[in-house]
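Following: one structure in structure tokens, then a few remarks.
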Amino acid sequence: MMIKWGDPRSIGLPVPEARLHFETERHEMGGGPRRRLLMVDDEPAFELSSYCGT
């Protein structure tokens, strides 16, 4: 069986206009693990997980 497909499509707003995005905290020299965050209006809204580096 084949699945019919079409050209790739983008959904949502252009990146500069989007309210949601993902971000990783900057790692300080000698500091602990970084957090991966869901950001809303450039403010942390949810911690996705700790960064383990593996």
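Ordering of the structure tokens sets the chain letters (A, B, ...), residue numbers begin anew at 1 in every chain, and ligands are numbered from 1 in the order given.
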
Skipping near chain neighbours, those fewer than 2 positions away, what residues fall within 7 Å of range 12-29 of chain A using only C-alpha atoms, listed as a list in words?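 Once the adjacent positions are removed, what remains is Ser10, Gly31, Arg34, Arg35, Arg36, Leu37, Leu38, Met39, Val40 and Asp41 of chain A.
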
Give me a file of those residues, with C-alpha atoms, as an mmCIF file, in the first residue's frame.
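Writing done, so here's part-v9.cif:
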data_model
loop_
_atom_site.group_PDB
_atom_site.id
_atom_site.type_symbol
_atom_site.label_atom_id
_atom_site.label_comp_id
_atom_site.auth_asym_id
_atom_site.auth_seq_id
_atom_site.Cartn_x
_atom_site.Cartn_y
_atom_site.Cartn_z
ATOM 1 C CA SER A 10 4.937 25.001 7.349
ATOM 2 C CA GLY A 31 28.404 24.898 36.900
ATOM 3 C CA ARG A 34 21.653 22.932 32.059
ATOM 4 C CA ARG A 35 17.872 22.898 31.889
ATOM 5 C CA ARG A 36 15.843 22.597 28.685
ATOM 6 C CA LEU A 37 12.841 24.900 28.875
ATOM 7 C CA LEU A 38 9.605 25.650 27.073
ATOM 8 C CA MET A 39 9.439 29.440 26.883
ATOM 9 C CA VAL A 40 6.261 31.538 26.590
ATOM 10 C CA ASP A 41 6.814 35.177 25.648
#

Taking the DSSP assignment computed from this structure's backbone, write out as a list in words all residues of chain A that belong to strand (DSSP E or B). Leu20, His21, Phe22, Glu23, Thr24, Arg35, Arg36, Leu37, Leu38, Met39, Val40, Glu43, Pro44, Ala45, Phe46, Glu47, Leu48, Ser49 and Ser50 of chain A

May I have the selected residues written with C-alpha atoms, as a CSV table (one decimal), in the first residue's frame?
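Writing done, so here's part04.csv:
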chain,number,residue,atom,x,y,z
A,20,LEU,CA,6.4,29.5,22.2
A,21,HIS,CA,9.9,28.3,21.7
A,22,PHE,CA,12.4,25.9,23.3
A,23,GLU,CA,15.6,27.1,24.9
A,24,THR,CA,18.6,25.6,26.8
A,35,ARG,CA,17.9,22.9,31.9
A,36,ARG,CA,15.8,22.6,28.7
A,37,LEU,CA,12.8,24.9,28.9
A,38,LEU,CA,9.6,25.7,27.1
A,39,MET,CA,9.4,29.4,26.9
A,40,VAL,CA,6.3,31.5,26.6
A,43,GLU,CA,9.8,33.6,30.0
A,44,PRO,CA,10.4,30.0,31.3
A,45,ALA,CA,7.0,28.2,31.5
A,46,PHE,CA,8.0,24.5,31.8
A,47,GLU,CA,11.2,22.5,32.4
A,48,LEU,CA,11.4,19.7,29.9
A,49,SER,CA,14.3,17.8,31.5
A,50,SER,CA,17.7,18.2,32.9
